[in-house]
file my_file-v9.pdb (PDB, C-alpha atoms)
MODEL        1
ATOM      1  CA  LYS A  14      98.589  74.003  51.284
ATOM      2  CA  ALA A  15     101.193  71.509  50.106
ATOM      3  CA  LYS A  16     100.016  71.876  46.521
ATOM      4  CA  GLU A  17      99.807  75.655  46.801
ATOM      5  CA  GLU A  18     103.478  75.786  47.787
ATOM      6  CA  GLU A  19     104.373  74.139  44.459
ATOM      7  CA  GLY A  20     103.071  77.235  42.681
ATOM      8  CA  ILE A  21      99.813  76.947  40.757
ATOM      9  CA  ALA A  22      97.329  79.325  39.184
ATOM     10  CA  SER A  23      94.647  80.749  41.462
ATOM     11  CA  GLY A  24      91.802  79.249  39.414
ATOM     12  CA  THR A  25      93.344  75.783  39.610
ATOM     13  CA  LEU A  26      93.914  76.192  43.341
ATOM     14  CA  ASN A  27      90.272  77.159  43.755
ATOM     15  CA  GLY A  28      89.184  73.991  41.937
ATOM     16  CA  MET A  29      91.485  71.842  44.056
ATOM     17  CA  THR A  30      90.205  73.438  47.243
ATOM     18  CA  LYS A  31      86.608  72.628  46.321
ATOM     19  CA  ALA A  32      87.581  69.054  45.421
ATOM     20  CA  VAL A  33      89.269  68.539  48.806
ATOM     21  CA  GLU A  34      86.325  70.076  50.664
ATOM     22  CA  ARG A  35      83.917  67.761  48.830
ATOM     23  CA  LEU A  36      86.046  64.745  49.763
ATOM     24  CA  GLN A  37      86.273  65.950  53.354
ATOM     25  CA  GLY A  38      82.499  66.244  53.691
ATOM     26  CA  TRP A  39      81.907  62.811  52.138
ATOM     27  CA  THR A  40      84.442  60.962  54.320
ATOM     28  CA  LYS A  41      83.096  62.577  57.481
ATOM     29  CA  GLY A  42      79.511  61.699  56.598
ATOM     30  CA  ASN A  43      80.133  58.132  55.435
ATOM     31  CA  TYR A  44      83.136  56.913  57.435
ATOM     32  CA  SER A  45      83.498  59.456  60.264
ATOM     33  CA  LEU A  46      87.054  60.051  59.041
ATOM     34  CA  HIS A  47      88.541  63.458  59.736
ATOM     35  CA  LEU A  48      92.209  63.121  58.752
ATOM     36  CA  PRO A  49      93.643  62.520  55.263
ATOM     37  CA  SER A  50      96.098  59.986  56.737
ATOM     38  CA  THR A  51      93.158  57.690  57.590
ATOM     39  CA  LEU A  52      92.058  57.296  53.958
ATOM     40  CA  ASP A  53      92.986  54.015  52.302
ATOM     41  CA  ASP A  54      92.548  52.722  48.757
ATOM     42  CA  GLU A  55      89.184  51.130  49.590
ATOM     43  CA  VAL A  56      87.749  54.459  50.774
ATOM     44  CA  ALA A  57      89.274  56.167  47.727
ATOM     45  CA  LYS A  58      87.693  53.585  45.413
ATOM     46  CA  ASN A  59      84.255  54.040  47.005
ATOM     47  CA  TYR A  60      84.596  57.824  46.766
ATOM     48  CA  ARG A  61      85.406  57.541  43.064
ATOM     49  CA  SER A  62      82.266  55.446  42.572
ATOM     50  CA  TRP A  63      80.203  58.062  44.404
ATOM     51  CA  LEU A  64      81.638  60.865  42.262
ATOM     52  CA  PHE A  65      80.585  59.044  39.099
ATOM     53  CA  SER A  66      77.085  58.420  40.463
ATOM     54  CA  ASN A  67      74.175  60.826  40.055
ATOM     55  CA  GLU A  68      74.324  61.561  43.787
ATOM     56  CA  SER A  69      77.422  63.747  43.441
ATOM     57  CA  GLY A  70      75.633  66.132  41.069
ATOM     58  CA  LEU A  71      78.762  66.500  38.909
ATOM     59  CA  SER A  72      79.027  66.015  35.164
ATOM     60  CA  LEU A  73      81.320  63.238  33.997
ATOM     61  CA  SER A  74      83.851  65.726  32.644
ATOM     62  CA  SER A  75      83.877  67.524  36.005
ATOM     63  CA  VAL A  76      84.396  64.222  37.816
ATOM     64  CA  GLY A  77      87.475  63.474  35.733
ATOM     65  CA  LYS A  78      88.972  66.870  36.525
ATOM     66  CA  GLU A  79      88.089  66.552  40.220
ATOM     67  CA  PHE A  80      89.776  63.176  40.476
ATOM     68  CA  ARG A  81      92.928  64.566  38.826
ATOM     69  CA  TYR A  82      92.882  67.436  41.326
ATOM     70  CA  LEU A  83      92.710  65.051  44.278
ATOM     71  CA  ASN A  84      95.495  62.888  42.901
ATOM     72  CA  SER A  85      97.695  65.947  42.446
ATOM     73  CA  VAL A  86      96.965  67.294  45.941
ATOM     74  CA  PHE A  87      97.752  63.981  47.666
ATOM     75  CA  ASN A  88     100.918  63.550  45.578
ATOM     76  CA  ALA A  89     102.095  66.956  46.804
ATOM     77  CA  ALA A  90     101.419  65.901  50.404
ATOM     78  CA  VAL A  91     103.438  62.704  49.936
ATOM     79  CA  LYS A  92     106.280  64.624  48.313
ATOM     80  CA  GLN A  93     106.456  66.952  51.323
ATOM     81  CA  ASP A  94     106.323  64.014  53.775
ATOM     82  CA  LEU A  95     102.953  65.043  55.169
ATOM     83  CA  LEU A  96     101.471  61.671  54.185
ATOM     84  CA  GLU A  97     103.013  58.264  53.659
ATOM     85  CA  GLU A  98     100.998  57.416  50.566
ATOM     86  CA  ASN A  99      98.425  58.682  48.082
ATOM     87  CA  PRO A 100      95.318  56.448  48.289
ATOM     88  CA  PHE A 101      94.130  57.679  44.867
ATOM     89  CA  ARG A 102      97.308  56.867  42.985
ATOM     90  CA  ASN A 103      97.073  53.190  42.035
ATOM     91  CA  LEU A 104      93.356  52.490  41.956
ATOM     92  CA  PRO A 105      92.262  49.803  39.481
ATOM     93  CA  LYS A 106      90.837  51.330  36.318
ATOM     94  CA  ASP A 107      87.071  51.700  36.229
ATOM     95  CA  ARG A 108      86.495  50.912  32.550
ATOM     96  CA  ARG A 109      82.756  51.593  32.640
ATOM     97  CA  SER A 110      83.220  55.086  34.078
ATOM     98  CA  ALA A 111      86.082  55.784  31.679
ATOM     99  CA  MET A 112      83.888  54.832  28.725
ATOM    100  CA  LYS A 113      81.049  57.060  30.012
ATOM    101  CA  GLN A 114      83.480  59.962  30.184
ATOM    102  CA  LYS A 115      84.620  59.413  26.608
ATOM    103  CA  LEU A 116      81.035  59.244  25.375
ATOM    104  CA  GLU A 117      80.109  62.480  27.127
ATOM    105  CA  ALA A 118      83.202  64.311  25.839
ATOM    106  CA  ARG A 119      82.727  63.170  22.241
ATOM    107  CA  LYS A 120      81.831  65.930  19.777
ATOM    108  CA  THR A 121      78.997  65.094  17.395
ATOM    109  CA  VAL A 122      76.757  66.939  14.967
ATOM    110  CA  ASP A 123      74.284  67.515  17.785
ATOM    111  CA  ILE A 124      76.648  67.914  20.750
ATOM    112  CA  ASN A 125      79.175  70.712  20.267
ATOM    113  CA  LYS A 126      79.664  74.451  20.769
ATOM    114  CA  VAL A 127      80.191  75.337  17.121
ATOM    115  CA  LEU A 128      78.160  78.440  16.257
ATOM    116  CA  THR A 129      76.427  78.878  12.925
ATOM    117  CA  PRO A 130      76.674  82.309  11.257
ATOM    118  CA  GLU A 131      73.049  82.904  12.295
ATOM    119  CA  GLN A 132      73.780  82.125  15.936
ATOM    120  CA  ALA A 133      76.928  84.230  15.874
ATOM    121  CA  MET A 134      75.007  87.174  14.402
ATOM    122  CA  ALA A 135      72.297  86.872  17.061
ATOM    123  CA  ILE A 136      74.983  87.191  19.758
ATOM    124  CA  TYR A 137      76.553  90.099  17.866
ATOM    125  CA  GLU A 138      73.236  91.959  17.797
ATOM    126  CA  ARG A 139      72.632  91.476  21.528
ATOM    127  CA  MET A 140      76.114  92.785  22.335
ATOM    128  CA  ASN A 141      75.887  95.644  19.857
ATOM    129  CA  SER A 142      72.555  96.996  21.086
ATOM    130  CA  ASP A 143      70.536  96.393  24.251
ATOM    131  CA  LYS A 144      66.880  97.349  24.782
ATOM    132  CA  ARG A 145      67.924 100.998  25.004
ATOM    133  CA  GLY A 146      70.120 100.776  21.917
ATOM    134  CA  ASN A 147      73.378 100.869  23.896
ATOM    135  CA  ARG A 148      76.443  98.887  22.869
ATOM    136  CA  ASP A 149      77.965  96.689  25.585
ATOM    137  CA  SER A 150      81.004  98.241  27.294
ATOM    138  CA  GLY A 151      83.030  95.159  26.382
ATOM    139  CA  PHE A 152      81.941  95.059  22.745
ATOM    140  CA  ASP A 153      85.473  95.600  21.395
ATOM    141  CA  LEU A 154      86.740  92.665  23.435
ATOM    142  CA  PHE A 155      83.802  90.487  22.390
ATOM    143  CA  TYR A 156      84.404  91.316  18.705
ATOM    144  CA  LEU A 157      88.128  90.585  18.908
ATOM    145  CA  GLN A 158      87.647  87.227  20.589
ATOM    146  CA  ALA A 159      84.969  86.170  18.122
ATOM    147  CA  VAL A 160      87.031  86.882  14.990
ATOM    148  CA  THR A 161      90.363  85.562  16.325
ATOM    149  CA  GLY A 162      89.236  82.527  18.347
ATOM    150  CA  THR A 163      91.492  83.497  21.248
ATOM    151  CA  ARG A 164      90.791  82.447  24.824
ATOM    152  CA  ILE A 165      88.880  85.138  26.733
ATOM    153  CA  GLN A 166      91.729  85.805  29.189
ATOM    154  CA  GLU A 167      94.234  86.101  26.333
ATOM    155  CA  VAL A 168      92.464  88.964  24.617
ATOM    156  CA  ALA A 169      91.006  90.579  27.758
ATOM    157  CA  GLY A 170      94.515  90.983  29.188
ATOM    158  CA  LEU A 171      95.968  92.776  26.174
ATOM    159  CA  ARG A 172      97.805  96.040  26.753
ATOM    160  CA  ARG A 173      97.689  98.951  24.331
ATOM    161  CA  CYS A 174     101.281  98.207  23.308
ATOM    162  CA  ASP A 175     100.204  94.666  22.407
ATOM    163  CA  PHE A 176      98.315  96.047  19.395
ATOM    164  CA  THR A 177     101.275  95.984  17.006
ATOM    165  CA  GLU A 178     102.041  96.283  13.316
ATOM    166  CA  ARG A 179     104.283  93.702  11.661
ATOM    167  CA  ASN A 180     105.792  93.826   8.179
ATOM    168  CA  PHE A 181     106.575  90.688   6.217
ATOM    169  CA  ASP A 182     107.585  90.347   2.580
ATOM    170  CA  GLY A 183     106.435  93.879   1.755
ATOM    171  CA  LYS A 184     103.020  93.581   3.435
ATOM    172  CA  SER A 185     101.860  95.169   6.693
ATOM    173  CA  TYR A 186      99.792  93.192   9.218
ATOM    174  CA  LYS A 187      97.773  94.693  12.058
ATOM    175  CA  CYS A 188      98.188  92.235  14.939
ATOM    176  CA  ILE A 189      97.570  91.531  18.577
ATOM    177  CA  GLU A 190     100.411  90.012  20.597
ATOM    178  CA  VAL A 191      99.444  87.604  23.359
ATOM    179  CA  VAL A 192     102.381  87.850  25.775
ATOM    180  CA  ARG A 193     103.223  87.717  29.470
ATOM    181  CA  TRP A 194     103.473  90.898  31.473
ATOM    182  CA  ARG A 195     103.452  91.857  35.137
ATOM    183  CA  GLY A 196      99.667  91.590  35.484
ATOM    184  CA  ARG A 197      99.194  88.460  33.386
ATOM    185  CA  GLY A 198     101.536  85.453  33.344
ATOM    186  CA  ILE A 199     101.396  81.710  32.578
ATOM    187  CA  ALA A 200      98.968  79.637  34.630
ATOM    188  CA  VAL A 201     101.084  76.460  34.834
ATOM    189  CA  MET A 202     103.812  78.575  36.475
ATOM    190  CA  GLY A 203     101.353  79.782  39.101
ATOM    191  CA  ASP A 204     100.971  83.294  37.686
ATOM    192  CA  ARG A 205      97.843  85.315  38.348
ATOM    193  CA  GLY A 206      95.187  85.622  35.633
ATOM    194  CA  GLY A 207      97.535  83.748  33.391
ATOM    195  CA  LEU A 208      97.886  82.401  29.907
ATOM    196  CA  LYS A 209      97.325  78.665  29.718
ATOM    197  CA  ASN A 210     100.823  77.537  28.693
ATOM    198  CA  PRO A 211     103.987  78.774  26.894
ATOM    199  CA  GLN A 212     102.419  78.034  23.480
ATOM    200  CA  SER A 213      99.730  80.613  24.309
ATOM    201  CA  GLU A 214     102.243  83.383  23.646
ATOM    202  CA  ARG A 215     101.854  84.281  19.999
ATOM    203  CA  ILE A 216     101.110  86.957  17.408
ATOM    204  CA  VAL A 217      97.654  86.894  15.818
ATOM    205  CA  PRO A 218      96.928  89.006  12.707
ATOM    206  CA  LEU A 219      93.551  90.747  12.668
ATOM    207  CA  PRO A 220      91.067  90.523   9.788
ATOM    208  CA  LEU A 221      90.169  93.669   7.864
ATOM    209  CA  CYS A 222      86.793  93.909   9.597
ATOM    210  CA  ALA A 223      88.561  94.449  12.969
ATOM    211  CA  GLU A 224      91.259  96.928  11.935
ATOM    212  CA  ALA A 225      89.302  99.875  13.350
ATOM    213  CA  ILE A 226      89.580  98.243  16.799
ATOM    214  CA  TRP A 227      93.341  98.088  16.272
ATOM    215  CA  GLN A 228      93.403 101.790  15.350
ATOM    216  CA  LYS A 229      91.369 102.614  18.457
ATOM    217  CA  HIS A 230      93.544 100.788  20.991
ATOM    218  CA  SER A 231      97.071 100.702  19.552
ATOM    219  CA  GLU A 232      99.639 102.845  21.416
ATOM    220  CA  PRO A 233     103.168 101.415  21.019
ATOM    221  CA  ASN A 234     104.570 103.046  24.155
ATOM    222  CA  ASN A 235     101.563 102.574  26.426
ATOM    223  CA  GLN A 236     101.752  99.510  28.682
ATOM    224  CA  ALA A 237      98.358 100.116  30.287
ATOM    225  CA  PRO A 238      95.644  97.448  29.868
ATOM    226  CA  ALA A 239      93.509  97.988  26.790
ATOM    227  CA  PHE A 240      90.439  96.731  28.675
ATOM    228  CA  PRO A 241      90.932  97.866  32.302
ATOM    229  CA  ARG A 242      87.344  97.002  33.268
ATOM    230  CA  GLU A 243      88.169  93.354  32.674
ATOM    231  CA  GLU A 244      91.087  93.238  35.109
ATOM    232  CA  PRO A 245      90.496  90.621  37.842
ATOM    233  CA  LYS A 246      89.828  92.187  41.237
ATOM    234  CA  THR A 247      90.537  89.084  43.313
ATOM    235  CA  GLU A 248      93.184  86.353  43.244
ATOM    236  CA  ARG A 249      90.647  83.784  42.038
ATOM    237  CA  ALA A 250      89.217  85.883  39.225
ATOM    238  CA  HIS A 251      90.387  85.964  35.603
ATOM    239  CA  TRP A 252      90.752  88.536  32.859
ATOM    240  CA  GLY A 253      87.450  88.697  30.978
ATOM    241  CA  ASP A 254      85.205  87.335  33.757
ATOM    242  CA  ASN A 255      83.112  90.517  33.710
ATOM    243  CA  LEU A 256      82.361  90.216  29.992
ATOM    244  CA  ALA A 257      81.571  86.502  30.294
ATOM    245  CA  ARG A 258      79.105  87.242  33.096
ATOM    246  CA  ARG A 259      77.326  89.970  31.100
ATOM    247  CA  MET A 260      77.083  87.701  28.068
ATOM    248  CA  ARG A 261      75.408  85.030  30.197
ATOM    249  CA  ASP A 262      72.862  87.656  31.272
ATOM    250  CA  LYS A 263      72.255  89.049  27.791
ATOM    251  CA  VAL A 264      72.334  85.997  25.556
ATOM    252  CA  PRO A 265      69.748  83.200  25.927
ATOM    253  CA  ASP A 266      71.352  79.736  25.915
ATOM    254  CA  PHE A 267      74.814  81.300  26.129
ATOM    255  CA  PRO A 268      77.299  78.603  25.007
ATOM    256  CA  GLY A 269      80.294  80.152  26.794
ATOM    257  CA  THR A 270      83.084  82.317  25.424
ATOM    258  CA  HIS A 271      85.073  79.190  24.473
ATOM    259  CA  ALA A 272      82.498  78.635  21.714
ATOM    260  CA  TRP A 273      84.328  81.181  19.535
ATOM    261  CA  ARG A 274      87.460  79.062  19.796
ATOM    262  CA  GLU A 275      85.669  75.823  18.974
ATOM    263  CA  THR A 276      83.912  77.532  16.066
ATOM    264  CA  LEU A 277      87.162  78.857  14.588
ATOM    265  CA  ILE A 278      88.934  75.487  14.867
ATOM    266  CA  ASN A 279      86.079  73.643  13.186
ATOM    267  CA  ASN A 280      85.679  76.263  10.446
ATOM    268  CA  LEU A 281      89.375  76.250   9.561
ATOM    269  CA  LEU A 282      89.822  72.488   9.591
ATOM    270  CA  ASN A 283      86.667  72.046   7.506
ATOM    271  CA  SER A 284      88.052  74.632   5.077
ATOM    272  CA  SER A 285      91.186  72.490   4.566
ATOM    273  CA  VAL A 286      93.475  74.860   6.468
ATOM    274  CA  PRO A 287      96.563  72.814   7.505
ATOM    275  CA  VAL A 288      96.467  71.626  11.122
ATOM    276  CA  ARG A 289      99.793  73.300  11.912
ATOM    277  CA  ILE A 290      98.411  76.701  10.827
ATOM    278  CA  VAL A 291      95.369  76.203  13.066
ATOM    279  CA  GLU A 292      97.760  75.414  15.931
ATOM    280  CA  MET A 293      99.667  78.634  15.240
ATOM    281  CA  VAL A 294      96.506  80.736  15.301
ATOM    282  CA  THR A 295      95.116  79.124  18.459
ATOM    283  CA  GLY A 296      98.353  78.636  20.393
ATOM    284  CA  LYS A 297      97.967  74.860  20.529
ATOM    285  CA  THR A 298     100.859  72.466  21.074
ATOM    286  CA  GLY A 299     101.912  70.437  18.060
ATOM    287  CA  ASN A 300     101.883  66.645  18.276
ATOM    288  CA  THR A 301     105.348  66.060  16.829
ATOM    289  CA  PRO A 302     108.883  67.239  17.707
ATOM    290  CA  LEU A 303     108.937  69.073  14.373
ATOM    291  CA  SER A 304     106.553  71.717  15.739
ATOM    292  CA  GLN A 305     109.304  73.222  17.902
ATOM    293  CA  TYR A 306     111.245  74.018  14.727
ATOM    294  CA  THR A 307     108.270  75.554  12.928
ATOM    295  CA  SER A 308     108.048  79.356  13.113
ATOM    296  CA  ASP A 309     104.698  81.107  13.091
ATOM    297  CA  ASP A 310     103.769  82.141   9.572
ATOM    298  CA  LEU A 311     101.998  85.518   9.441
ATOM    299  CA  PRO A 312     100.714  85.304   5.839
ATOM    300  CA  SER A 313      99.239  81.826   6.425
ATOM    301  CA  MET A 314      97.753  82.844   9.770
ATOM    302  CA  ASP A 315      96.299  85.996   8.217
ATOM    303  CA  LYS A 316      94.639  83.926   5.495
ATOM    304  CA  ALA A 317      93.189  81.542   8.085
ATOM    305  CA  ILE A 318      91.803  84.369  10.240
ATOM    306  CA  SER A 319      90.225  85.932   7.136
ATOM    307  CA  ILE A 320      88.493  82.630   6.291
ATOM    308  CA  HIS A 321      86.995  82.508   9.780
ATOM    309  CA  ALA A 322      85.923  86.172   9.749
ATOM    310  CA  LYS A 323      84.216  85.659   6.391
ATOM    311  CA  HIS A 324      82.318  82.693   7.861
ATOM    312  CA  LEU A 325      81.054  84.761  10.817
ATOM    313  CA  ASN A 326      80.171  87.598   8.433
ATOM    314  CA  PHE A 327      80.209  90.252  11.169
ATOM    315  CA  PRO A 328      79.706  93.850   9.997
ATOM    316  CA  THR A 329      82.968  95.779   9.780
ATOM    317  CA  TYR A 330      83.674  97.346  13.177
ATOM    318  CA  LYS A 331      82.776 101.013  13.498
TER     319      LYS A 331
ENDMDL
END

call {"tool": "encode", "arguments": {"input": "my_file-v9.pdb", "output": "structure tokens"}}
result
Amino acid sequence: KAKEEEGIASGTLNGMTKAVERLQGWTKGNYSLHLPSTLDDEVAKNYRSWLFSNESGLSLSSVGKEFRYLNSVFNAAVKQDLLEENPFRNLPKDRRSAMKQKLEARKTVDINKVLTPEQAMAIYERMNSDKRGNRDSGFDLFYLQAVTGTRIQEVAGLRRCDFTERNFDGKSYKCIEVVRWRGRGIAVMGDRGGLKNPQSERIVPLPLCAEAIWQKHSEPNNQAPAFPREEPKTERAHWGDNLARRMRDKVPDFPGTHAWRETLINNLLNSSVPVRIVEMVTGKTGNTPLSQYTSDDLPSMDKAISIHAKHLNFPTYK
């Protein structure tokens, strides 16, 4: 509750709640402790060891996130004078566990979510036609995410007025604009169904193969969601959850919707597209202070998106 009062996104709060409940169950079962004020650094250290063991059932990446959640929750309690100290704050570094985490997170030729054109086309075919020959109701959304490498909630929460046309240096660009609005804000500010961070707000030009989707959904004066079926129905849900669930059901070995993003980033960097342009397209934060002075460049972004769309080789949308 202390952390919730600081204002956080519903999905993050859900993860923190589960982390606290897991800690609560473990301390009761192993130490008969029922109050957070009775935890000391020795108990915290033993709990960390248990999380990293096979007994917890969590992946190493999940353990790292869970431990950050706990640290954040206890810091909030200390800040609000509910606890005197955070037992997780100054634990000695577990170098072995840290190295295991790095090894698991490392991307290799064999361990990644980058899709080959063949794999991407197989997913396209499953979404375009089921056993009865019917196209998935979220096909437009699926197609847009695949060719732009956006996060699922970014494109699922588009409004019709977010399909815009921009003119630059005598050329017209059909674009989508990823922006905040009443039903979709920024997660780090505690907004519901939000964008990840301020850098997520951006304009993304569409490739030629997707312009028919733009024509279908663009209405400059209409602020209604373009994909109303993807609107979250509960506080803990996100834009695009419905599509992600259907894709898991339809596609064997579904790699997750984030695979489109990882595929685009790898394709562009391996095609010698400058890192800063890839950051513009994906809404990533630059690593130097110079990035805050760099404006998004539509022609360069358009070229990058076209390179990625050519790699996927999807049929032109009809």

call {"tool": "atom_distance", "arguments": {"input": "my_file-v9.pdb", "atom1": "CA of Phe65 (chain A)", "atom2": "CA of Tyr44 (chain A)"}}
result
18.6 Å

call {"tool": "resolve_selection", "arguments": {"input": "my_file-v9.pdb", "expression": "the PyMOL selection byres ((chain A and resi 132-147) around 7)", "output": "NGL selection string"}}
result
:A and (128-131 or 148-149 or 152 or 263-264 or 325 or 327)

call {"tool": "residues_around", "arguments": {"input": "my_file-v9.pdb", "residues": "region 270-287 of chain A", "least_positions_apart": "3", "cutoff": "8 Å", "atoms": "only C-alpha atoms", "output": "number ranges by chain"}}
result
A: 126-128, 158-165, 257, 290-291, 295, 317, 320-321, 324

call {"tool": "atom_distance", "arguments": {"input": "my_file-v9.pdb", "atom1": "CA of Asp254 (chain A)", "atom2": "CA of Ala239 (chain A)"}}
result
15.2 Å

call {"tool": "resolve_selection", "arguments": {"input": "my_file-v9.pdb", "expression": "the PyMOL selection byres ((chain A and resi 172) around 7)", "output": "NGL selection string"}}
result
:A and (170-171 or 173-175 or 236-239)

call {"tool": "write_last_selection", "arguments": {"input": "my_file-v9.pdb", "atoms": "C-alpha atoms", "output": "short mmCIF file (atom, residue, chain, number, x, y, z; two decimals), in the frame of the given file"}}
result
data_model
loop_
_atom_site.label_atom_id
_atom_site.label_comp_id
_atom_site.auth_asym_id
_atom_site.auth_seq_id
_atom_site.Cartn_x
_atom_site.Cartn_y
_atom_site.Cartn_z
CA GLY A 170 94.52 90.98 29.19
CA LEU A 171 95.97 92.78 26.17
CA ARG A 173 97.69 98.95 24.33
CA CYS A 174 101.28 98.21 23.31
CA ASP A 175 100.20 94.67 22.41
CA GLN A 236 101.75 99.51 28.68
CA ALA A 237 98.36 100.12 30.29
CA PRO A 238 95.64 97.45 29.87
CA ALA A 239 93.51 97.99 26.79
#

call {"tool": "resolve_selection", "arguments": {"input": "my_file-v9.pdb", "expression": "the PyMOL selection byres ((chain A and resi 221-223) around 12)", "output": "PyMOL selection string"}}
result
chain A and resi 152-161+176+185-189+218-220+224-230+315-316+318-323+325-331

call {"tool": "atom_distance", "arguments": {"input": "my_file-v9.pdb", "atom1": "CA of Thr40 (chain A)", "atom2": "CA of Val56 (chain A)"}}
result
8.1 Å

call {"tool": "residues_around", "arguments": {"input": "my_file-v9.pdb", "residues": "Gly77 (chain A)", "least_positions_apart": "2", "cutoff": "10 Å", "atoms": "all atoms listed in the file", "output": "JSON, numbers by chain"}}
result
{"A": [61, 64, 65, 71, 72, 73, 74, 75, 79, 80, 81, 82, 110, 111, 114]}

call {"tool": "write_last_selection", "arguments": {"input": "my_file-v9.pdb", "atoms": "C-alpha atoms", "output": "PDB file, keeping the file's coordinate frame"}}
result
ATOM      1  CA  ARG A  61      85.406  57.541  43.064  1.00  0.00           C
ATOM      2  CA  LEU A  64      81.638  60.865  42.262  1.00  0.00           C
ATOM      3  CA  PHE A  65      80.585  59.044  39.099  1.00  0.00           C
ATOM      4  CA  LEU A  71      78.762  66.500  38.909  1.00  0.00           C
ATOM      5  CA  SER A  72      79.027  66.015  35.164  1.00  0.00           C
ATOM      6  CA  LEU A  73      81.320  63.238  33.997  1.00  0.00           C
ATOM      7  CA  SER A  74      83.851  65.726  32.644  1.00  0.00           C
ATOM      8  CA  SER A  75      83.877  67.524  36.005  1.00  0.00           C
ATOM      9  CA  GLU A  79      88.089  66.552  40.220  1.00  0.00           C
ATOM     10  CA  PHE A  80      89.776  63.176  40.476  1.00  0.00           C
ATOM     11  CA  ARG A  81      92.928  64.566  38.826  1.00  0.00           C
ATOM     12  CA  TYR A  82      92.882  67.436  41.326  1.00  0.00           C
ATOM     13  CA  SER A 110      83.220  55.086  34.078  1.00  0.00           C
ATOM     14  CA  ALA A 111      86.082  55.784  31.679  1.00  0.00           C
ATOM     15  CA  GLN A 114      83.480  59.962  30.184  1.00  0.00           C
TER      16      GLN A 114
END
